[in-house]
file protein-v3.cif (mmCIF, C-alpha atoms and all ligand atoms)
data_target
#
loop_
_atom_site.label_atom_id
_atom_site.label_comp_id
_atom_site.auth_asym_id
_atom_site.auth_seq_id
_atom_site.Cartn_x
_atom_site.Cartn_y
_atom_site.Cartn_z
CA MET A 27 12.88 -16.81 -12.50
CA ALA A 28 9.42 -15.60 -11.56
CA ASP A 29 7.02 -18.19 -10.14
CA ALA A 30 5.15 -19.80 -13.00
CA ASN A 31 1.77 -19.67 -11.24
CA TYR A 32 1.89 -15.90 -10.63
CA LEU A 33 0.79 -13.69 -13.44
CA PRO A 34 3.06 -10.95 -14.83
CA PHE A 35 1.78 -7.37 -14.75
CA HIS A 36 -0.47 -6.18 -17.57
CA PRO A 37 1.70 -5.48 -20.64
CA SER A 38 -0.49 -2.76 -22.14
CA PRO A 39 -3.01 -1.20 -19.73
CA SER A 40 -5.83 0.80 -21.26
CA LYS A 41 -5.87 4.59 -21.09
CA PRO A 42 -8.28 5.45 -18.26
CA THR A 43 -11.49 7.24 -19.16
CA PHE A 44 -11.30 9.06 -15.84
CA ALA A 45 -8.84 11.97 -15.77
CA VAL A 46 -7.15 12.16 -12.38
CA PRO A 47 -6.63 15.70 -11.02
CA PRO A 48 -3.27 17.49 -11.29
CA HIS A 49 -0.68 16.35 -8.72
CA ALA A 50 -2.38 12.97 -8.14
CA VAL A 51 -0.47 10.38 -6.08
CA ASP A 52 -0.43 6.60 -6.59
CA ALA A 53 0.06 5.83 -2.90
CA HIS A 54 0.65 2.07 -3.06
CA CYS A 55 2.94 0.48 -5.61
CA HIS A 56 6.15 -1.52 -5.62
CA VAL A 57 9.40 -1.99 -7.51
CA PHE A 58 10.79 -5.50 -7.97
CA GLY A 59 14.40 -5.85 -8.95
CA PRO A 60 15.63 -6.07 -11.56
CA ALA A 61 16.90 -9.17 -9.79
CA ALA A 62 20.27 -9.04 -11.54
CA ARG A 63 20.95 -5.72 -9.78
CA PHE A 64 18.75 -6.01 -6.69
CA PRO A 65 18.42 -9.71 -5.75
CA PHE A 66 15.29 -10.92 -4.01
CA SER A 67 15.39 -12.02 -0.37
CA PRO A 68 16.41 -15.63 0.28
CA ALA A 69 13.50 -15.79 2.78
CA ARG A 70 10.86 -14.65 0.26
CA LYS A 71 7.60 -16.53 -0.16
CA TYR A 72 7.26 -15.74 -3.85
CA THR A 73 9.42 -14.63 -6.73
CA PRO A 74 7.84 -11.92 -8.84
CA CYS A 75 8.83 -10.87 -12.32
CA ASP A 76 11.20 -7.93 -12.59
CA ALA A 77 9.26 -4.68 -12.38
CA GLY A 78 11.76 -1.86 -12.18
CA LYS A 79 11.59 1.85 -11.60
CA GLU A 80 11.53 2.78 -15.30
CA GLN A 81 8.41 0.71 -15.84
CA LEU A 82 6.78 2.15 -12.72
CA PHE A 83 7.47 5.73 -13.79
CA ALA A 84 6.22 5.03 -17.32
CA LEU A 85 2.97 3.72 -15.86
CA ARG A 86 2.70 6.75 -13.56
CA ASP A 87 2.95 9.08 -16.55
CA PHE A 88 0.64 7.00 -18.74
CA LEU A 89 -2.13 6.97 -16.10
CA GLY A 90 -1.75 10.72 -15.45
CA PHE A 91 -0.27 10.59 -11.95
CA GLU A 92 2.45 12.92 -10.72
CA ARG A 93 3.84 10.97 -7.78
CA ASN A 94 4.26 7.51 -6.26
CA VAL A 95 4.51 6.05 -2.79
CA ILE A 96 6.69 2.98 -3.22
CA VAL A 97 6.05 0.30 -0.61
CA GLN A 98 8.71 -2.30 0.16
CA ALA A 99 7.30 -5.78 -0.44
CA THR A 100 8.28 -8.96 1.37
CA CYS A 101 10.06 -10.47 -1.65
CA HIS A 102 12.88 -7.95 -1.09
CA GLY A 103 12.80 -8.40 2.71
CA SER A 104 14.54 -5.65 4.65
CA ASP A 105 16.95 -4.95 1.79
CA ASN A 106 15.42 -1.67 0.67
CA ARG A 107 17.96 -0.90 -2.07
CA ALA A 108 15.66 -1.27 -5.08
CA MET A 109 13.06 0.98 -3.47
CA GLU A 110 15.67 3.49 -2.28
CA ASP A 111 17.23 3.60 -5.74
CA ALA A 112 13.80 4.32 -7.26
CA LEU A 113 13.24 7.12 -4.72
CA LEU A 114 16.58 8.72 -5.54
CA THR A 115 15.77 8.63 -9.26
CA ALA A 116 12.29 10.09 -8.75
CA GLY A 117 13.45 12.89 -6.45
CA ASP A 118 10.47 14.77 -5.05
CA ARG A 119 8.07 12.69 -7.15
CA ALA A 120 8.24 9.64 -4.86
CA ARG A 121 8.21 8.70 -1.21
CA GLY A 122 8.78 5.29 0.31
CA VAL A 123 7.71 2.84 2.98
CA ALA A 124 10.48 0.49 4.16
CA LEU A 125 10.83 -2.88 5.86
CA VAL A 126 13.41 -2.72 8.64
CA GLU A 127 14.77 -5.06 11.29
CA THR A 128 14.83 -4.20 14.99
CA ASN A 129 18.58 -3.77 14.86
CA VAL A 130 18.51 -1.25 11.99
CA SER A 131 21.12 1.40 12.67
CA ASP A 132 20.31 5.06 13.22
CA ASP A 133 22.50 5.84 10.22
CA GLU A 134 20.44 3.59 7.97
CA LEU A 135 17.20 5.16 9.18
CA LYS A 136 18.65 8.60 8.50
CA ARG A 137 19.76 7.57 5.03
CA LEU A 138 16.33 6.14 4.23
CA ASP A 139 14.71 9.31 5.54
CA ALA A 140 16.93 11.45 3.30
CA ALA A 141 15.93 9.28 0.32
CA GLY A 142 12.24 9.95 1.06
CA VAL A 143 11.12 7.08 3.28
CA ARG A 144 8.31 8.16 5.60
CA GLY A 145 7.04 4.89 7.04
CA VAL A 146 7.68 1.26 7.90
CA ARG A 147 5.45 -1.66 7.01
CA PHE A 148 4.41 -4.48 9.34
CA ASN A 149 3.04 -7.52 7.56
CA PHE A 150 0.71 -9.99 9.31
CA LEU A 151 -0.22 -12.21 6.35
CA ARG A 152 0.78 -15.79 7.09
CA ARG A 153 1.29 -16.57 3.43
CA LEU A 154 3.86 -13.75 3.19
CA VAL A 155 5.85 -13.88 6.43
CA ASP A 156 6.96 -16.57 8.91
CA SER A 157 6.31 -14.42 11.95
CA SER A 158 5.04 -10.99 12.94
CA PRO A 159 6.75 -10.31 16.27
CA ARG A 160 4.70 -7.57 17.88
CA ASP A 161 7.21 -6.69 20.57
CA GLN A 162 9.87 -6.14 17.91
CA PHE A 163 7.45 -4.20 15.72
CA MET A 164 6.70 -1.97 18.70
CA GLN A 165 10.40 -1.25 19.22
CA VAL A 166 10.73 -0.29 15.56
CA ALA A 167 7.62 1.87 15.73
CA ARG A 168 8.99 3.79 18.72
CA ARG A 169 12.22 4.49 16.89
CA VAL A 170 10.63 5.66 13.66
CA ALA A 171 8.09 7.77 15.55
CA ASP A 172 11.03 9.97 16.50
CA LEU A 173 11.66 10.58 12.80
CA GLY A 174 8.04 11.56 12.20
CA TRP A 175 7.37 8.38 10.20
CA HIS A 176 4.19 6.30 10.36
CA VAL A 177 3.41 2.58 10.33
CA VAL A 178 1.69 0.75 7.45
CA VAL A 179 0.00 -2.52 8.39
CA TYR A 180 -1.16 -5.35 6.19
CA PHE A 181 -3.55 -7.88 7.75
CA GLU A 182 -6.71 -9.80 6.94
CA ALA A 183 -10.09 -8.98 8.47
CA PRO A 184 -10.38 -12.15 10.63
CA ASP A 185 -7.22 -11.06 12.48
CA LEU A 186 -8.51 -7.63 13.45
CA ASP A 187 -9.88 -8.58 16.90
CA ASP A 188 -6.56 -10.08 17.88
CA LEU A 189 -4.53 -7.19 16.48
CA ARG A 190 -6.64 -4.29 17.71
CA PRO A 191 -4.85 -3.71 21.06
CA PHE A 192 -1.48 -3.74 19.32
CA LEU A 193 -2.61 -1.46 16.51
CA THR A 194 -4.25 1.07 18.77
CA SER A 195 -1.18 1.21 21.02
CA LEU A 196 1.23 2.07 18.19
CA PRO A 197 2.80 5.49 18.77
CA THR A 198 2.28 6.77 15.20
CA GLU A 199 -0.44 7.17 12.63
CA VAL A 200 -1.34 3.74 11.25
CA ILE A 201 -2.15 3.17 7.60
CA VAL A 202 -4.09 0.00 6.80
CA ASP A 203 -3.48 -1.66 3.44
CA HIS A 204 -6.19 -2.82 1.05
CA MET A 205 -9.20 -1.84 3.16
CA GLY A 206 -8.26 -4.30 5.90
CA ARG A 207 -8.93 -7.14 3.44
CA PRO A 208 -12.63 -7.72 4.11
CA ASP A 209 -14.46 -10.79 2.85
CA VAL A 210 -16.81 -8.90 0.56
CA ARG A 211 -19.35 -11.70 0.69
CA GLY A 212 -20.16 -10.51 4.21
CA GLY A 213 -21.61 -7.31 2.75
CA VAL A 214 -20.86 -3.67 3.40
CA ASP A 215 -23.40 -3.62 6.24
CA GLY A 216 -22.23 -6.95 7.69
CA PRO A 217 -20.63 -7.44 11.11
CA GLU A 218 -17.07 -7.88 9.85
CA PHE A 219 -16.95 -4.57 8.02
CA ALA A 220 -18.79 -2.85 10.88
CA LYS A 221 -15.88 -3.83 13.13
CA PHE A 222 -13.46 -2.30 10.72
CA LEU A 223 -15.46 0.91 10.51
CA ARG A 224 -15.35 1.08 14.31
CA LEU A 225 -11.55 0.90 14.19
CA MET A 226 -11.57 3.79 11.74
CA GLU A 227 -13.42 5.96 14.29
CA ASN A 228 -10.01 6.30 15.93
CA GLU A 229 -8.42 9.14 13.99
CA LYS A 230 -4.92 7.72 14.11
CA PHE A 231 -5.99 5.19 11.45
CA TRP A 232 -5.83 5.82 7.72
CA ILE A 233 -7.00 3.40 5.06
CA LYS A 234 -5.95 2.52 1.53
CA VAL A 235 -8.97 1.95 -0.66
CA SER A 236 -6.83 -0.20 -2.92
CA GLY A 237 -6.66 -3.82 -4.01
CA PRO A 238 -10.05 -4.41 -5.65
CA GLU A 239 -8.37 -7.06 -7.78
CA ARG A 240 -7.39 -8.94 -4.61
CA LEU A 241 -10.70 -8.63 -2.80
CA THR A 242 -13.19 -9.16 -5.61
CA VAL A 243 -15.28 -12.27 -6.02
CA ALA A 244 -17.13 -10.93 -9.06
CA GLY A 245 -13.99 -9.85 -10.96
CA PRO A 246 -13.56 -6.72 -13.11
CA PRO A 247 -15.01 -4.08 -13.17
CA TYR A 248 -15.11 -4.76 -9.40
CA ASP A 249 -18.76 -3.92 -8.71
CA ASP A 250 -18.60 -5.91 -5.47
CA ILE A 251 -15.72 -3.79 -4.11
CA VAL A 252 -17.15 -0.36 -4.88
CA PRO A 253 -19.59 -0.18 -1.91
CA PHE A 254 -16.81 -0.97 0.58
CA ALA A 255 -14.37 1.56 -0.79
CA ARG A 256 -17.06 4.20 -1.19
CA ARG A 257 -18.23 3.74 2.40
CA LEU A 258 -14.69 4.35 3.62
CA VAL A 259 -14.16 7.38 1.39
CA GLU A 260 -17.43 8.93 2.54
CA THR A 261 -16.91 8.05 6.22
CA CYS A 262 -13.31 9.26 6.57
CA PRO A 263 -12.63 11.46 3.54
CA ASP A 264 -9.50 12.98 5.08
CA ARG A 265 -7.84 9.63 5.95
CA VAL A 266 -8.14 7.64 2.72
CA LEU A 267 -5.43 6.91 0.17
CA TRP A 268 -5.56 5.20 -3.22
CA GLY A 269 -2.96 3.14 -5.06
CA THR A 270 -2.65 0.88 -8.08
CA ASP A 271 -0.71 -1.86 -6.21
CA TRP A 272 1.31 -2.26 -9.43
CA PRO A 273 2.89 -4.71 -10.31
CA HIS A 274 0.29 -6.72 -8.40
CA PRO A 275 2.36 -9.45 -6.76
CA ASN A 276 0.84 -12.86 -6.15
CA MET A 277 -2.10 -12.52 -8.49
CA THR A 278 -3.22 -15.90 -9.75
CA SER A 279 -6.87 -15.33 -10.75
CA HIS A 280 -6.54 -12.42 -13.17
CA MET A 281 -4.12 -9.58 -13.77
CA PRO A 282 -5.84 -6.21 -13.53
CA ASP A 283 -5.66 -3.62 -16.25
CA ASP A 284 -4.29 -0.57 -14.40
CA GLY A 285 -6.33 1.78 -16.58
CA GLN A 286 -9.47 -0.05 -15.50
CA LEU A 287 -8.39 0.28 -11.85
CA VAL A 288 -8.17 4.07 -12.30
CA ASP A 289 -11.67 4.03 -13.74
CA VAL A 290 -12.96 2.64 -10.43
CA ILE A 291 -11.93 5.88 -8.68
CA PRO A 292 -14.97 8.04 -9.61
CA ARG A 293 -17.26 5.23 -8.45
CA ILE A 294 -15.70 5.19 -4.97
CA ALA A 295 -15.11 8.95 -4.70
CA PRO A 296 -18.21 10.34 -6.40
CA THR A 297 -17.50 14.08 -6.15
CA PRO A 298 -14.53 16.15 -7.32
CA ALA A 299 -13.92 17.24 -3.72
CA LEU A 300 -13.64 13.62 -2.55
CA VAL A 301 -11.33 12.78 -5.46
CA GLN A 302 -9.12 15.75 -4.59
CA GLN A 303 -8.80 14.54 -0.99
CA LEU A 304 -8.21 10.92 -1.96
CA LEU A 305 -5.64 11.45 -4.69
CA VAL A 306 -3.94 14.72 -3.76
CA ASP A 307 -4.60 16.37 -0.39
CA ASN A 308 -4.38 13.29 1.83
CA PRO A 309 -1.23 11.69 0.38
CA MET A 310 0.47 15.08 0.16
CA ARG A 311 -0.25 15.73 3.83
CA LEU A 312 1.00 12.31 4.92
CA TYR A 313 4.05 11.94 2.67
CA TRP A 314 5.09 15.38 1.46
CA ALA A 315 4.79 17.51 4.60
CA ARG A 316 8.55 17.93 4.31
C1 LIG A 401 0.75 -5.98 -1.74
C2 LIG A 401 0.19 -7.29 -1.62
C3 LIG A 401 0.82 -8.47 -1.47
C4 LIG A 401 2.21 -8.67 -1.26
C5 LIG A 401 2.94 -7.97 -0.41
O1 LIG A 401 4.82 -7.46 0.80
C6 LIG A 401 4.33 -8.22 -0.03
O2 LIG A 401 4.94 -9.14 -0.54
O3 LIG A 401 2.41 -6.95 0.20
C7 LIG A 401 -0.03 -9.65 -1.46
O4 LIG A 401 0.48 -10.73 -1.81
O5 LIG A 401 -1.22 -9.56 -1.09
O6 LIG A 401 0.05 -5.02 -1.64
O7 LIG A 401 1.95 -5.84 -1.92
#
call {"tool": "encode", "arguments": {"input": "protein-v3.cif", "output": "structure tokens"}}
result
Amino acid sequence: MADANYLPFHPSPSKPTFAVPPHAVDAHCHVFGPAARFPFSPARKYTPCDAGKEQLFALRDFLGFERNVIVQATCHGSDNRAMEDALLTAGDRARGVALVETNVSDDELKRLDAAGVRGVRFNFLRRLVDSSPRDQFMQVARRVADLGWHVVVYFEAPDLDDLRPFLTSLPTEVIVDHMGRPDVRGGVDGPEFAKFLRLMENEKFWIKVSGPERLTVAGPPYDDIVPFARRLVETCPDRVLWGTDWPHPNMTSHMPDDGQLVDVIPRIAPTPALVQQLLVDNPMRLYWAR
């Protein structure tokens, strides 16, 4: 059973006013279960509601997207079967990011690669994982670098100073989830976000301008998030990605309307050229080069 204090995903999102361009990619979303077929990890920190591939693909079509990047979440641990199954169903219309252990076999990596996995995710959020062993992460990163994969990292802004040497020494491109989780009360010109922008000067880093529902203090329509995302889009237009984050695990304050999330896009990418990079050119380059 899903945790009672976590909200289920929006049952009937609105149709976005903003029309995304052809071939648009939702580059951060998840599949959960269904638990009867793909049980959640015994070590999970939360139990989400079932949110299977059919529902994800229906949302993709409803919002006008062509493709998904499906990111393995901690509630499934390193059992990537639900994600892999979704990739196999979607064919060329999805790619994946996996969670793997240090002792993952070469055969499993090859199988995941054939299914469409192109990255691994390292999670540093204390509320989601018991430990984030950097030496083991580095071993994994070295192995997947040989496959041409990248590393996705999820951390909160106060941890950036501590993590910076590790992140910059990773042997692959590094994709940062949810804008590095800034405290938006510090302001877009504040010292915390300035630090993050300095990290982004290193061209190995990419950034997902996603998660307004997680970062907002003001709530929908996310006016307080727009300046942060827009600054990133305008500063590194060729290294930004966008995703819905459906089905929005661990949301307790409000459940976003995914149509309303899409309508934030033209506010953070204010020209058609920037939208094209954000939704099509960048994710295609990173995930569909082969
Ligand atoms: C997200 C966000 C969250 C959860 C996870 O792996 C996870 O369980 O990433 C969160 O709770 O902030 O993007 O999936």
call {"tool": "closest_atom_pairs", "arguments": {"input": "protein-v3.cif", "of": "range 254-285 of chain A", "to": "range 214-232 of chain A", "cutoff": "6 Å", "atoms": "all atoms listed in the file", "output": "Markdown table"}}
result
| residue | atom | partner | partner_atom | distance |
| --- | --- | --- | --- | --- |
| A:Phe254 | CA | A:Val214 | CA | 5.6 |
| A:Arg265 | CA | A:Trp232 | CA | 4.7 |
| A:Val266 | CA | A:Trp232 | CA | 5.8 |
call {"tool": "closest_atom_pairs", "arguments": {"input": "protein-v3.cif", "of": "chain A", "to": "ligand LIG 401 (chain A)", "cutoff": "6 Å", "atoms": "all atoms listed in the file", "output": "CSV"}}
result
residue,atom,partner,partner_atom,distance
A:Ala99,CA,A:LIG401,O1,3.2
A:Thr100,CA,A:LIG401,O1,3.8
A:Cys101,CA,A:LIG401,O2,5.4
A:Asp271,CA,A:LIG401,O6,5.6
A:Pro275,CA,A:LIG401,O4,5.4
A:Asn276,CA,A:LIG401,O4,4.8
call {"tool": "write_last_selection", "arguments": {"input": "protein-v3.cif", "atoms": "C-alpha atoms", "output": "compact mmCIF listing (two decimals), keeping the file's coordinate frame"}}
result
# COMPACT_ATOMS: atom_id res chain seq x y z
CA ALA A 99 7.30 -5.78 -0.44
CA THR A 100 8.28 -8.96 1.37
CA CYS A 101 10.06 -10.47 -1.65
CA ASP A 271 -0.71 -1.86 -6.21
CA PRO A 275 2.36 -9.45 -6.76
CA ASN A 276 0.84 -12.86 -6.15
call {"tool": "atom_distance", "arguments": {"input": "protein-v3.cif", "atom1": "CA of Thr43 in chain A", "atom2": "CA of Arg293 in chain A"}}
result
12.3 Å
call {"tool": "residues_around", "arguments": {"input": "protein-v3.cif", "residues": "range 131-137 of chain A", "least_positions_apart": "4", "cutoff": "10 Å", "atoms": "only C-alpha atoms", "output": "ChimeraX atom specification"}}
result
/A:110,124,126-127,141-143,169-170,173
call {"tool": "closest_residue", "arguments": {"input": "protein-v3.cif", "among": "A:Lys41, A:Arg256, A:His274, A:Arg119", "to": "Thr297 in chain A", "atoms": "only C-alpha atoms"}}
result
A:Arg256
call {"tool": "closest_residue", "arguments": {"input": "protein-v3.cif", "among": "A:Thr242, A:Asn308, A:Ser158, A:Ser67", "to": "Met277 in chain A", "atoms": "only C-alpha atoms"}}
result
A:Thr242
call {"tool": "closest_residue", "arguments": {"input": "protein-v3.cif", "among": "A:Ile294, A:Ile201, A:Gly206, A:Phe163", "to": "Leu151 in chain A", "atoms": "all atoms listed in the file"}}
result
A:Gly206
call {"tool": "atom_distance", "arguments": {"input": "protein-v3.cif", "atom1": "CA of Phe64 in chain A", "atom2": "CA of His102 in chain A"}}
result
8.3 Å
call {"tool": "closest_residue", "arguments": {"input": "protein-v3.cif", "among": "A:Gly285, A:Gly237, A:Pro246, A:Pro48", "to": "Gly269 in chain A", "atoms": "all atoms listed in the file"}}
result
A:Gly237
call {"tool": "atom_distance", "arguments": {"input": "protein-v3.cif", "atom1": "CA of Asp29 in chain A", "atom2": "CA of Ile251 in chain A"}}
result
27.6 Å
call {"tool": "residues_around", "arguments": {"input": "protein-v3.cif", "residues": "Pro292 in chain A", "least_positions_apart": "5", "cutoff": "12 Å", "atoms": "only C-alpha atoms", "output": "list of chain:residue names"}}
result
A:Pro42, A:Thr43, A:Phe44, A:Ala45, A:Val46, A:Pro47, A:Val252, A:Ala255, A:Arg256, A:Val259, A:Trp268, A:Gln286, A:Leu287, A:Thr297, A:Pro298, A:Ala299, A:Leu300, A:Val301, A:Gln302, A:Leu304, A:Leu305
call {"tool": "closest_residue", "arguments": {"input": "protein-v3.cif", "among": "A:Ala53, A:Val166, A:Leu125, A:Val202", "to": "Leu267 in chain A", "atoms": "only C-alpha atoms"}}
result
A:Ala53
call {"tool": "residues_around", "arguments": {"input": "protein-v3.cif", "residues": "Asp203 in chain A", "least_positions_apart": "3", "cutoff": "10 Å", "atoms": "all atoms listed in the file", "output": "PyMOL selection string"}}
result
chain A and resi 54+147+149+178-182+200+206-207+232-237+267-269
call {"tool": "build_atoms", "arguments": {"input": "protein-v3.cif", "residues": "range 103-128 of chain A", "atoms": "N, CA and C atoms", "output": "tab-separated table (two decimals), keeping the file's coordinate frame"}}
result
chain	number	residue	atom	x	y	z
A	103	GLY	N	12.46	-8.40	1.29
A	103	GLY	CA	12.80	-8.40	2.71
A	103	GLY	C	13.18	-7.00	3.19
A	104	SER	N	14.15	-6.95	4.11
A	104	SER	CA	14.54	-5.65	4.65
A	104	SER	C	15.72	-5.03	3.87
A	105	ASP	N	15.98	-5.56	2.69
A	105	ASP	CA	16.95	-4.95	1.79
A	105	ASP	C	16.20	-3.95	0.91
A	106	ASN	N	16.26	-2.70	1.31
A	106	ASN	CA	15.42	-1.67	0.67
A	106	ASN	C	16.08	-1.01	-0.54
A	107	ARG	N	17.17	-1.62	-1.06
A	107	ARG	CA	17.96	-0.90	-2.07
A	107	ARG	C	17.20	-0.59	-3.35
A	108	ALA	N	16.38	-1.53	-3.82
A	108	ALA	CA	15.66	-1.27	-5.08
A	108	ALA	C	14.69	-0.10	-4.89
A	109	MET	N	14.01	-0.10	-3.76
A	109	MET	CA	13.06	0.98	-3.47
A	109	MET	C	13.80	2.31	-3.29
A	110	GLU	N	14.89	2.27	-2.54
A	110	GLU	CA	15.67	3.49	-2.28
A	110	GLU	C	16.23	4.06	-3.59
A	111	ASP	N	16.70	3.16	-4.45
A	111	ASP	CA	17.23	3.60	-5.74
A	111	ASP	C	16.12	4.27	-6.58
A	112	ALA	N	14.93	3.71	-6.52
A	112	ALA	CA	13.80	4.32	-7.26
A	112	ALA	C	13.47	5.70	-6.68
A	113	LEU	N	13.53	5.81	-5.35
A	113	LEU	CA	13.24	7.12	-4.72
A	113	LEU	C	14.27	8.16	-5.15
A	114	LEU	N	15.52	7.76	-5.19
A	114	LEU	CA	16.58	8.72	-5.54
A	114	LEU	C	16.42	9.17	-6.99
A	115	THR	N	15.99	8.26	-7.86
A	115	THR	CA	15.77	8.63	-9.26
A	115	THR	C	14.57	9.58	-9.37
A	116	ALA	N	13.53	9.30	-8.61
A	116	ALA	CA	12.29	10.09	-8.75
A	116	ALA	C	12.40	11.45	-8.07
A	117	GLY	N	13.33	11.62	-7.16
A	117	GLY	CA	13.45	12.89	-6.45
A	117	GLY	C	12.16	13.18	-5.68
A	118	ASP	N	11.63	14.40	-5.85
A	118	ASP	CA	10.47	14.77	-5.05
A	118	ASP	C	9.18	14.08	-5.52
A	119	ARG	N	9.28	13.32	-6.60
A	119	ARG	CA	8.07	12.69	-7.15
A	119	ARG	C	7.78	11.32	-6.53
A	120	ALA	N	8.56	10.90	-5.53
A	120	ALA	CA	8.24	9.64	-4.86
A	120	ALA	C	8.63	9.70	-3.39
A	121	ARG	N	7.88	8.96	-2.61
A	121	ARG	CA	8.21	8.70	-1.21
A	121	ARG	C	8.16	7.19	-1.01
A	122	GLY	N	8.70	6.73	0.12
A	122	GLY	CA	8.78	5.29	0.31
A	122	GLY	C	8.32	4.83	1.68
A	123	VAL	N	8.02	3.54	1.73
A	123	VAL	CA	7.71	2.84	2.98
A	123	VAL	C	8.64	1.63	3.02
A	124	ALA	N	9.41	1.49	4.10
A	124	ALA	CA	10.48	0.49	4.16
A	124	ALA	C	10.10	-0.68	5.06
A	125	LEU	N	10.85	-1.78	4.88
A	125	LEU	CA	10.83	-2.88	5.86
A	125	LEU	C	12.16	-2.82	6.58
A	126	VAL	N	12.13	-2.76	7.91
A	126	VAL	CA	13.41	-2.72	8.64
A	126	VAL	C	13.40	-3.73	9.77
A	127	GLU	N	14.60	-4.15	10.16
A	127	GLU	CA	14.77	-5.06	11.29
A	127	GLU	C	14.89	-4.24	12.57
A	128	THR	N	14.73	-4.90	13.71
A	128	THR	CA	14.83	-4.20	14.99
A	128	THR	C	16.21	-3.58	15.18
